[in-house]
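Structure file protein17.cif (mmCIF, C-alpha atoms and all ligand atoms) follows.
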data_target
#
loop_
_atom_site.group_PDB
_atom_site.id
_atom_site.type_symbol
_atom_site.label_atom_id
_atom_site.label_comp_id
_atom_site.auth_asym_id
_atom_site.auth_seq_id
_atom_site.Cartn_x
_atom_site.Cartn_y
_atom_site.Cartn_z
ATOM 1 C CA MET A 1 -0.253 -34.251 137.645
ATOM 2 C CA ALA A 2 -0.363 -32.672 134.189
ATOM 3 C CA GLY A 3 -3.311 -33.441 131.910
ATOM 4 C CA GLU A 4 -3.552 -36.178 129.313
ATOM 5 C CA VAL A 5 -2.785 -34.944 125.819
ATOM 6 C CA LEU A 6 -3.140 -38.292 124.037
ATOM 7 C CA LYS A 7 -4.979 -41.428 125.062
ATOM 8 C CA LEU A 8 -5.093 -44.347 122.637
ATOM 9 C CA LYS A 9 -6.744 -47.589 123.699
ATOM 10 C CA GLY A 10 -6.700 -50.799 121.683
ATOM 11 C CA VAL A 11 -6.016 -48.930 118.438
ATOM 12 C CA GLU A 12 -5.890 -51.011 115.255
ATOM 13 C CA ILE A 13 -5.407 -49.800 111.708
ATOM 14 C CA ARG A 14 -6.157 -52.279 108.930
ATOM 15 C CA ARG A 15 -5.691 -51.647 105.220
ATOM 16 C CA GLU A 16 -6.110 -54.029 102.289
ATOM 17 C CA GLY A 17 -5.849 -57.127 104.465
ATOM 18 C CA SER A 18 -2.786 -55.841 106.382
ATOM 19 C CA THR A 19 -2.710 -54.773 110.022
ATOM 20 C CA LEU A 20 -0.610 -51.596 110.183
ATOM 21 C CA LEU A 21 -1.127 -51.030 113.924
ATOM 22 C CA ARG A 22 -2.136 -53.724 116.380
ATOM 23 C CA ASN A 23 -3.697 -53.150 119.820
ATOM 24 C CA ILE A 24 -1.867 -49.910 120.598
ATOM 25 C CA ASP A 25 -2.314 -48.415 124.081
ATOM 26 C CA TRP A 26 -0.561 -45.061 124.474
ATOM 27 C CA THR A 27 -1.080 -42.308 127.025
ATOM 28 C CA VAL A 28 0.895 -39.071 126.826
ATOM 29 C CA GLN A 29 0.854 -36.498 129.627
ATOM 30 C CA GLU A 30 1.236 -32.785 128.987
ATOM 31 C CA ASP A 31 4.800 -32.489 130.342
ATOM 32 C CA GLU A 32 6.156 -35.565 128.511
ATOM 33 C CA ARG A 33 8.347 -35.682 125.380
ATOM 34 C CA TRP A 34 8.110 -38.964 123.462
ATOM 35 C CA VAL A 35 10.261 -40.638 120.870
ATOM 36 C CA ILE A 36 8.859 -43.412 118.677
ATOM 37 C CA ILE A 37 11.494 -45.703 117.210
ATOM 38 C CA GLY A 38 11.330 -48.738 114.969
ATOM 39 C CA PRO A 39 12.541 -50.217 111.696
ATOM 40 C CA ASN A 40 11.118 -49.393 108.259
ATOM 41 C CA GLY A 41 7.460 -50.296 107.953
ATOM 42 C CA ALA A 42 6.942 -50.638 111.731
ATOM 43 C CA GLY A 43 3.924 -48.293 111.688
ATOM 44 C CA LYS A 44 5.541 -45.142 113.138
ATOM 45 C CA THR A 45 4.166 -42.715 110.545
ATOM 46 C CA THR A 46 0.756 -44.369 110.758
ATOM 47 C CA LEU A 47 0.743 -43.884 114.540
ATOM 48 C CA LEU A 48 1.711 -40.214 114.200
ATOM 49 C CA GLN A 49 -1.054 -39.697 111.628
ATOM 50 C CA VAL A 50 -3.552 -41.067 114.174
ATOM 51 C CA ALA A 51 -2.125 -38.798 116.911
ATOM 52 C CA GLY A 52 -2.409 -35.855 114.502
ATOM 53 C CA ALA A 53 -6.126 -36.522 113.808
ATOM 54 C CA MET A 54 -5.268 -37.249 110.168
ATOM 55 C CA LEU A 55 -6.223 -40.941 110.310
ATOM 56 C CA PHE A 56 -9.097 -42.651 112.110
ATOM 57 C CA PRO A 57 -8.563 -46.070 113.690
ATOM 58 C CA THR A 58 -10.292 -49.133 112.296
ATOM 59 C CA SER A 59 -11.016 -50.085 115.911
ATOM 60 C CA GLY A 60 -10.121 -48.780 119.353
ATOM 61 C CA SER A 61 -10.494 -45.297 120.797
ATOM 62 C CA VAL A 62 -8.409 -42.139 120.407
ATOM 63 C CA GLU A 63 -8.581 -38.998 122.537
ATOM 64 C CA ILE A 64 -6.482 -36.012 121.470
ATOM 65 C CA LEU A 65 -6.336 -32.904 123.670
ATOM 66 C CA GLY A 66 -9.459 -34.107 125.435
ATOM 67 C CA GLU A 67 -11.407 -34.608 122.181
ATOM 68 C CA ARG A 68 -12.621 -38.032 121.055
ATOM 69 C CA LEU A 69 -11.720 -38.832 117.434
ATOM 70 C CA GLY A 70 -14.921 -39.618 115.562
ATOM 71 C CA GLN A 71 -16.948 -37.206 117.704
ATOM 72 C CA ALA A 72 -14.800 -34.060 117.626
ATOM 73 C CA ASP A 73 -14.691 -31.567 114.744
ATOM 74 C CA VAL A 74 -11.254 -32.333 113.256
ATOM 75 C CA PHE A 75 -11.142 -28.916 111.589
ATOM 76 C CA GLU A 76 -11.136 -27.355 115.057
ATOM 77 C CA LEU A 77 -8.790 -29.973 116.486
ATOM 78 C CA ARG A 78 -6.085 -29.989 113.781
ATOM 79 C CA PRO A 79 -4.956 -26.354 114.238
ATOM 80 C CA ARG A 80 -4.160 -27.248 117.880
ATOM 81 C CA ILE A 81 -1.643 -29.827 116.643
ATOM 82 C CA GLY A 82 1.629 -29.081 114.851
ATOM 83 C CA LEU A 83 2.520 -31.908 112.462
ATOM 84 C CA SER A 84 5.755 -32.038 110.490
ATOM 85 C CA SER A 85 5.726 -35.013 108.144
ATOM 86 C CA SER A 86 6.705 -35.851 104.593
ATOM 87 C CA ALA A 87 3.038 -36.861 104.194
ATOM 88 C CA VAL A 88 2.227 -33.142 104.650
ATOM 89 C CA ALA A 89 5.163 -31.954 102.511
ATOM 90 C CA ASP A 90 4.073 -34.224 99.645
ATOM 91 C CA LYS A 91 0.740 -32.376 99.409
ATOM 92 C CA VAL A 92 2.243 -28.906 98.946
ATOM 93 C CA PRO A 93 1.324 -27.337 95.556
ATOM 94 C CA ALA A 94 4.346 -26.853 93.275
ATOM 95 C CA ASP A 95 4.122 -23.037 93.303
ATOM 96 C CA GLU A 96 3.516 -22.620 97.068
ATOM 97 C CA LYS A 97 5.877 -20.054 98.608
ATOM 98 C CA VAL A 98 7.680 -20.906 101.851
ATOM 99 C CA ILE A 99 6.113 -17.980 103.743
ATOM 100 C CA ASP A 100 2.606 -19.047 102.632
ATOM 101 C CA LEU A 101 3.209 -22.654 103.644
ATOM 102 C CA VAL A 102 4.047 -21.485 107.167
ATOM 103 C CA LEU A 103 1.189 -18.956 107.334
ATOM 104 C CA THR A 104 -1.492 -21.440 106.243
ATOM 105 C CA ALA A 105 -0.670 -23.641 109.257
ATOM 106 C CA SER A 106 -2.833 -21.223 111.281
ATOM 107 C CA TYR A 107 -5.835 -22.830 109.569
ATOM 108 C CA ALA A 108 -4.227 -26.303 109.259
ATOM 109 C CA ILE A 109 -4.599 -26.080 105.476
ATOM 110 C CA ILE A 110 -2.119 -26.533 102.644
ATOM 111 C CA GLY A 111 -2.226 -24.144 99.705
ATOM 112 C CA ARG A 112 -2.836 -20.435 100.228
ATOM 113 C CA TRP A 113 -6.190 -19.269 98.885
ATOM 114 C CA LYS A 114 -8.160 -16.217 100.022
ATOM 115 C CA GLU A 115 -7.593 -16.309 103.774
ATOM 116 C CA GLU A 116 -6.584 -13.072 105.491
ATOM 117 C CA TYR A 117 -3.449 -12.860 107.632
ATOM 118 C CA ASP A 118 -2.543 -9.857 109.737
ATOM 119 C CA SER A 119 0.930 -8.459 110.333
ATOM 120 C CA THR A 120 1.234 -10.386 113.626
ATOM 121 C CA ASP A 121 0.843 -13.672 111.709
ATOM 122 C CA VAL A 122 3.440 -12.628 109.137
ATOM 123 C CA THR A 123 5.875 -11.501 111.846
ATOM 124 C CA ARG A 124 5.476 -14.800 113.699
ATOM 125 C CA ALA A 125 6.031 -16.835 110.507
ATOM 126 C CA VAL A 126 9.173 -14.836 109.679
ATOM 127 C CA GLU A 127 10.512 -15.202 113.240
ATOM 128 C CA LEU A 128 9.959 -18.969 113.220
ATOM 129 C CA LEU A 129 11.673 -19.358 109.851
ATOM 130 C CA ASP A 130 14.530 -17.209 111.128
ATOM 131 C CA ALA A 131 14.835 -19.302 114.316
ATOM 132 C CA LEU A 132 15.181 -22.418 112.153
ATOM 133 C CA GLY A 133 17.830 -20.823 109.958
ATOM 134 C CA CYS A 134 15.493 -20.375 106.958
ATOM 135 C CA ALA A 135 15.044 -16.582 106.807
ATOM 136 C CA HIS A 136 16.725 -16.495 103.378
ATOM 137 C CA LEU A 137 14.184 -18.987 101.959
ATOM 138 C CA ILE A 138 11.027 -16.981 102.689
ATOM 139 C CA ARG A 139 10.241 -16.029 99.050
ATOM 140 C CA ARG A 140 11.361 -19.363 97.546
ATOM 141 C CA ARG A 141 8.939 -21.990 96.244
ATOM 142 C CA PHE A 142 8.829 -24.925 98.668
ATOM 143 C CA SER A 143 9.134 -27.393 95.766
ATOM 144 C CA THR A 144 12.585 -25.998 94.883
ATOM 145 C CA LEU A 145 14.098 -26.548 98.356
ATOM 146 C CA SER A 146 16.584 -29.244 99.295
ATOM 147 C CA GLU A 147 15.468 -32.072 101.580
ATOM 148 C CA GLY A 148 17.126 -30.486 104.624
ATOM 149 C CA GLU A 149 15.650 -27.057 103.868
ATOM 150 C CA ARG A 150 12.197 -28.618 103.538
ATOM 151 C CA LYS A 151 12.551 -30.277 106.939
ATOM 152 C CA ARG A 152 13.366 -26.985 108.660
ATOM 153 C CA VAL A 153 10.531 -25.129 106.926
ATOM 154 C CA SER A 154 8.129 -27.953 107.856
ATOM 155 C CA ILE A 155 9.088 -27.615 111.527
ATOM 156 C CA ALA A 156 8.534 -23.835 111.370
ATOM 157 C CA ARG A 157 5.098 -24.572 109.882
ATOM 158 C CA ALA A 158 4.337 -27.090 112.627
ATOM 159 C CA LEU A 159 5.166 -24.467 115.299
ATOM 160 C CA MET A 160 3.180 -21.652 113.607
ATOM 161 C CA PRO A 161 -0.208 -22.256 115.299
ATOM 162 C CA ASP A 162 1.513 -22.342 118.726
ATOM 163 C CA PRO A 163 0.340 -25.956 119.035
ATOM 164 C CA GLU A 164 -0.517 -27.774 122.230
ATOM 165 C CA LEU A 165 0.884 -30.960 120.691
ATOM 166 C CA LEU A 166 3.897 -31.067 118.348
ATOM 167 C CA LEU A 167 4.391 -34.182 116.193
ATOM 168 C CA LEU A 168 7.648 -34.525 114.237
ATOM 169 C CA ASP A 169 7.998 -37.396 111.771
ATOM 170 C CA GLU A 170 11.687 -38.063 111.039
ATOM 171 C CA PRO A 171 12.722 -34.398 111.360
ATOM 172 C CA ALA A 172 16.429 -35.227 110.864
ATOM 173 C CA ALA A 173 16.018 -37.446 107.786
ATOM 174 C CA GLY A 174 17.901 -35.954 104.851
ATOM 175 C CA LEU A 175 19.923 -33.530 106.984
ATOM 176 C CA ASP A 176 23.706 -33.489 106.780
ATOM 177 C CA LEU A 177 25.738 -34.074 109.956
ATOM 178 C CA GLY A 178 25.910 -30.374 110.841
ATOM 179 C CA GLY A 179 22.212 -29.950 110.108
ATOM 180 C CA ARG A 180 21.321 -32.952 112.237
ATOM 181 C CA GLU A 181 23.349 -31.749 115.198
ATOM 182 C CA ASP A 182 21.888 -28.260 114.857
ATOM 183 C CA LEU A 183 18.358 -29.683 114.810
ATOM 184 C CA VAL A 184 19.016 -31.983 117.780
ATOM 185 C CA ALA A 185 20.305 -28.956 119.737
ATOM 186 C CA ARG A 186 17.192 -26.916 118.854
ATOM 187 C CA LEU A 187 14.908 -29.789 119.867
ATOM 188 C CA THR A 188 16.858 -30.210 123.118
ATOM 189 C CA SER A 189 16.142 -26.552 123.964
ATOM 190 C CA LEU A 190 12.475 -27.075 123.113
ATOM 191 C CA ALA A 191 12.282 -30.305 125.138
ATOM 192 C CA VAL A 192 13.452 -28.629 128.359
ATOM 193 C CA ASP A 193 11.306 -25.508 127.838
ATOM 194 C CA ARG A 194 8.363 -25.799 130.231
ATOM 195 C CA LEU A 195 6.255 -23.595 127.940
ATOM 196 C CA ALA A 196 6.915 -25.758 124.867
ATOM 197 C CA PRO A 197 4.158 -28.048 123.585
ATOM 198 C CA THR A 198 3.953 -31.737 124.392
ATOM 199 C CA MET A 199 6.090 -33.498 121.775
ATOM 200 C CA ALA A 200 6.308 -36.839 119.991
ATOM 201 C CA LEU A 201 9.138 -37.468 117.546
ATOM 202 C CA VAL A 202 9.566 -40.364 115.130
ATOM 203 C CA THR A 203 13.040 -41.558 114.175
ATOM 204 C CA HIS A 204 14.986 -44.664 113.139
ATOM 205 C CA HIS A 205 18.085 -43.696 115.124
ATOM 206 C CA VAL A 206 18.710 -43.369 118.867
ATOM 207 C CA GLU A 207 21.511 -40.923 117.945
ATOM 208 C CA GLU A 208 18.816 -38.436 116.903
ATOM 209 C CA VAL A 209 17.012 -38.440 120.259
ATOM 210 C CA PRO A 210 17.463 -35.003 121.853
ATOM 211 C CA GLU A 211 18.285 -34.727 125.554
ATOM 212 C CA GLY A 212 15.196 -33.936 127.567
ATOM 213 C CA PHE A 213 13.027 -36.516 125.787
ATOM 214 C CA THR A 214 11.435 -38.412 128.642
ATOM 215 C CA HIS A 215 9.627 -41.420 127.159
ATOM 216 C CA ALA A 216 10.004 -43.873 124.296
ATOM 217 C CA MET A 217 7.921 -46.388 122.393
ATOM 218 C CA LEU A 218 9.554 -49.115 120.317
ATOM 219 C CA LEU A 219 7.422 -50.407 117.444
ATOM 220 C CA ARG A 220 7.902 -53.492 115.292
ATOM 221 C CA ARG A 221 5.452 -54.758 112.656
ATOM 222 C CA GLY A 222 2.647 -52.617 114.030
ATOM 223 C CA SER A 223 3.014 -53.776 117.644
ATOM 224 C CA VAL A 224 4.602 -52.215 120.717
ATOM 225 C CA VAL A 225 7.870 -53.921 121.744
ATOM 226 C CA ALA A 226 8.472 -51.671 124.767
ATOM 227 C CA THR A 227 7.112 -48.419 126.123
ATOM 228 C CA GLY A 228 7.860 -46.202 129.113
ATOM 229 C CA LYS A 229 10.668 -44.001 130.389
ATOM 230 C CA VAL A 230 13.563 -43.637 127.919
ATOM 231 C CA ASP A 231 16.145 -45.116 130.330
ATOM 232 C CA GLU A 232 14.033 -48.224 130.844
ATOM 233 C CA VAL A 233 13.114 -48.674 127.177
ATOM 234 C CA PHE A 234 16.534 -48.087 125.556
ATOM 235 C CA THR A 235 18.158 -51.361 126.604
ATOM 236 C CA ASP A 236 20.197 -53.809 124.505
ATOM 237 C CA GLN A 237 17.422 -56.366 124.862
ATOM 238 C CA HIS A 238 14.529 -54.108 123.785
ATOM 239 C CA LEU A 239 16.385 -52.479 120.870
ATOM 240 C CA SER A 240 17.696 -55.832 119.613
ATOM 241 C CA LYS A 241 14.171 -57.228 119.624
ATOM 242 C CA CYS A 242 12.798 -54.114 117.932
ATOM 243 C CA PHE A 243 15.337 -54.055 115.074
ATOM 244 C CA GLY A 244 15.776 -57.825 114.804
ATOM 245 C CA LEU A 245 19.562 -57.967 115.335
ATOM 246 C CA PRO A 246 21.897 -57.982 118.349
ATOM 247 C CA LEU A 247 22.491 -54.349 119.344
ATOM 248 C CA GLN A 248 24.428 -52.618 122.073
ATOM 249 C CA VAL A 249 23.179 -49.241 123.260
ATOM 250 C CA GLU A 250 24.886 -46.713 125.500
ATOM 251 C CA ARG A 251 24.425 -43.174 126.686
ATOM 252 C CA GLN A 252 27.257 -40.638 126.722
ATOM 253 C CA GLU A 253 26.815 -37.087 127.923
ATOM 254 C CA GLY A 254 23.068 -37.255 127.430
ATOM 255 C CA ARG A 255 23.130 -38.677 123.888
ATOM 256 C CA TRP A 256 22.361 -42.272 122.903
ATOM 257 C CA HIS A 257 24.412 -44.469 120.566
ATOM 258 C CA ALA A 258 23.656 -47.950 119.240
ATOM 259 C CA ARG A 259 25.689 -50.397 117.179
ATOM 260 C CA ALA A 260 25.424 -53.986 116.090
ATOM 261 C CA ILE A 261 27.310 -56.565 118.159
ATOM 262 C CA ALA A 262 29.569 -58.764 116.021
ATOM 263 C CA THR A 263 28.390 -62.383 116.275
HETATM 264 N N1 LIG B 1 -2.894 -48.348 102.260
HETATM 265 C C1 LIG B 1 -2.070 -49.310 102.671
HETATM 266 N N2 LIG B 1 -2.309 -50.614 102.399
HETATM 267 C C2 LIG B 1 -1.491 -51.601 102.813
HETATM 268 N N3 LIG B 1 -0.368 -51.368 103.549
HETATM 269 C C3 LIG B 1 -0.074 -50.095 103.835
HETATM 270 C C4 LIG B 1 -0.889 -49.008 103.430
HETATM 271 N N4 LIG B 1 -0.342 -47.867 103.890
HETATM 272 C C5 LIG B 1 0.789 -48.234 104.551
HETATM 273 N N5 LIG B 1 0.948 -49.558 104.512
HETATM 274 C C6 LIG B 1 2.037 -50.346 105.138
HETATM 275 O O1 LIG B 1 1.975 -50.132 106.532
HETATM 276 C C7 LIG B 1 3.265 -50.315 107.104
HETATM 277 C C8 LIG B 1 3.561 -49.202 108.065
HETATM 278 O O2 LIG B 1 3.801 -48.014 107.351
HETATM 279 P P1 LIG B 1 4.382 -46.720 108.053
HETATM 280 O O3 LIG B 1 4.621 -45.697 106.989
HETATM 281 O O4 LIG B 1 3.506 -46.331 109.187
HETATM 282 O O5 LIG B 1 5.752 -47.277 108.625
HETATM 283 P P2 LIG B 1 7.013 -46.510 109.222
HETATM 284 O O6 LIG B 1 7.384 -47.214 110.480
HETATM 285 O O7 LIG B 1 6.753 -45.050 109.309
HETATM 286 O O8 LIG B 1 8.083 -46.826 108.102
HETATM 287 P P3 LIG B 1 9.392 -46.020 107.580
HETATM 288 O O9 LIG B 1 10.374 -46.067 108.717
HETATM 289 O O10 LIG B 1 9.851 -46.840 106.426
HETATM 290 O O11 LIG B 1 8.969 -44.635 107.195
HETATM 291 C C9 LIG B 1 4.228 -50.417 105.921
HETATM 292 O O12 LIG B 1 4.592 -51.781 105.741
HETATM 293 C C10 LIG B 1 3.429 -49.913 104.730
HETATM 294 O O13 LIG B 1 3.826 -50.538 103.523
#

Spell out the structure here as structure tokens.
Ligand SMILES: Nc1ncnc2c1ncn2[C@@H]1O[C@H](COP(=O)(O)OP(=O)(O)OP(=O)(O)O)[C@@H](O)[C@H]1O
Amino acid sequence: MAGEVLKLKGVEIRREGSTLLRNIDWTVQEDERWVIIGPNGAGKTTLLQVAGAMLFPTSGSVEILGERLGQADVFELRPRIGLSSSAVADKVPADEKVIDLVLTASYAIIGRWKEEYDSTDVTRAVELLDALGCAHLIRRRFSTLSEGERKRVSIARALMPDPELLLLDEPAAGLDLGGREDLVARLTSLAVDRLAPTMALVTHHVEEVPEGFTHAMLLRRGSVVATGKVDEVFTDQHLSKCFGLPLQVERQEGRWHARAIAT
């Protein structure tokens, strides 16, 4: 069996009297691809921040890539994780160039300073941007990009350190229909690539789940509604409970669709 990449036990996050995550148990094996779904405010981004070693739990234990959060050096751990999130994008300095934003992922830092990069790093960054359809944006300032362009650049950045764990927070948000379908196709290729990193993807929509994603967790108000293999988790009953309205879900040619049932 492949190794454990993530192991969360009894994780709670509390802030200002609110419980953002409640008693979360989550184990992710190396060859698994996870999707985390839930309504606004369910705690999805918070969970991904924990998995990305960006947030420490108030209680419970977290192991990431065999390292225990609280004991491990996060500055050594973070470059092993690729995280694409608007929480990262929001921290980018206004004058940061796209190429520098991707390059600095090698050190898991934001904002180019005096670090040295060799030609191999630059070539890799350019190739990743090209693969995500962003070659023409290399010299642009990140702050001037459209929402969809930012998403693609953020994914290139997340892949730059050749991560062992890839975390994507709402990668399709803000993309137009063509952009969404293009991204879903790229993630499908990545999901079935045996050499690709272990992945966890956050979304609000089952329509955005790429084929090849093996497992799902449904979150509502900080608690797990259902977790396990995608086929067993994506049921009318589980999704209706998760989103708080009667839903019907179906799978056609590998893609999922959900809609409200008229009452
Ligand atoms: N510092 C804080 N203090 C109090 N509540 C907070 C704090 N930070 C986040 N929250 C709340 O925690 C909840 C979970 O937030 P989170 O961003 O993880 O949800 P989400 O599922 O990603 O939501 P969305 O789908 O809207 O992006 C939200 O209700 C949010 O308002």

Name all residues at most 12 Å from Thr263 in chain A (count all atoms listed in the file; drop same-chain ones fewer than 5 positions away) and give them as a PyMOL selection string. chain A and resi 245-247

Write out, as a short mmCIF file (atom, residue, chain, number, x, y, z; two decimals), in the coordinates of the input, the residues just selected, with C-alpha atoms.
data_model
loop_
_atom_site.label_atom_id
_atom_site.label_comp_id
_atom_site.auth_asym_id
_atom_site.auth_seq_id
_atom_site.Cartn_x
_atom_site.Cartn_y
_atom_site.Cartn_z
CA LEU A 245 19.56 -57.97 115.34
CA PRO A 246 21.90 -57.98 118.35
CA LEU A 247 22.49 -54.35 119.34
#

The PyMOL selection byres (((not hetatm)) within 12 of (chain B and resi 1)) applied to the shown file, residues as a VMD selection string: chain A and resid 12 to 22 36 to 50 55 85 to 87 168 to 171 173 201 to 205 217 to 224 242 to 243

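The interatomic distance for the pair CA of Ile64 in chain A and CA of Leu6 in chain A works out to 4.8 Å.
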
Between CA of Glu211 in chain A and CA of Ala191 in chain A, what distance in Å does the model show, to one decimal?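 Between CA of Glu211 in chain A and CA of Ala191 in chain A the gap is 7.5 Å.
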
Check which residues satisfy the PyMOL selection byres (((chain A and resi 196) around 12) and not hetatm) in the file shown, then give them as a PyMOL selection string. chain A and resi 30-33+82+159+162-166+186-195+197-199+212

How many Å separate CA of Pro161 in chain A from CA of Arg80 in chain A?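 Pair CA of Pro161 in chain A / CA of Arg80 in chain A returns 6.9 Å.
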
Fewer than 2 positions away in the same chain doesn't count, so skip those; otherwise give me all residues within 8 Å of range 103-113 of chain A, counting all atoms listed in the file, as a ChimeraX atom specification. /A:75,78-79,91-93,96,99-101,115,117,121-122,125,157-158,160-161

Residues from last step as file, C-alpha atoms, as a PDB file, keeping the file's coordinate frame:
ATOM      1  CA  PHE A  75     -11.142 -28.916 111.589  1.00  0.00           C
ATOM      2  CA  ARG A  78      -6.085 -29.989 113.781  1.00  0.00           C
ATOM      3  CA  PRO A  79      -4.956 -26.354 114.238  1.00  0.00           C
ATOM      4  CA  LYS A  91       0.740 -32.376  99.409  1.00  0.00           C
ATOM      5  CA  VAL A  92       2.243 -28.906  98.946  1.00  0.00           C
ATOM      6  CA  PRO A  93       1.324 -27.337  95.556  1.00  0.00           C
ATOM      7  CA  GLU A  96       3.516 -22.620  97.068  1.00  0.00           C
ATOM      8  CA  ILE A  99       6.113 -17.980 103.743  1.00  0.00           C
ATOM      9  CA  ASP A 100       2.606 -19.047 102.632  1.00  0.00           C
ATOM     10  CA  LEU A 101       3.209 -22.654 103.644  1.00  0.00           C
ATOM     11  CA  GLU A 115      -7.593 -16.309 103.774  1.00  0.00           C
ATOM     12  CA  TYR A 117      -3.449 -12.860 107.632  1.00  0.00           C
ATOM     13  CA  ASP A 121       0.843 -13.672 111.709  1.00  0.00           C
ATOM     14  CA  VAL A 122       3.440 -12.628 109.137  1.00  0.00           C
ATOM     15  CA  ALA A 125       6.031 -16.835 110.507  1.00  0.00           C
ATOM     16  CA  ARG A 157       5.098 -24.572 109.882  1.00  0.00           C
ATOM     17  CA  ALA A 158       4.337 -27.090 112.627  1.00  0.00           C
ATOM     18  CA  MET A 160       3.180 -21.652 113.607  1.00  0.00           C
ATOM     19  CA  PRO A 161      -0.208 -22.256 115.299  1.00  0.00           C
TER      20      PRO A 161
END

Chain and number of each residue from the PyMOL selection byres (((chain A and resi 59) around 9) and not hetatm), as a PyMOL selection string: chain A and resi 10-14+23+56-58+60-61
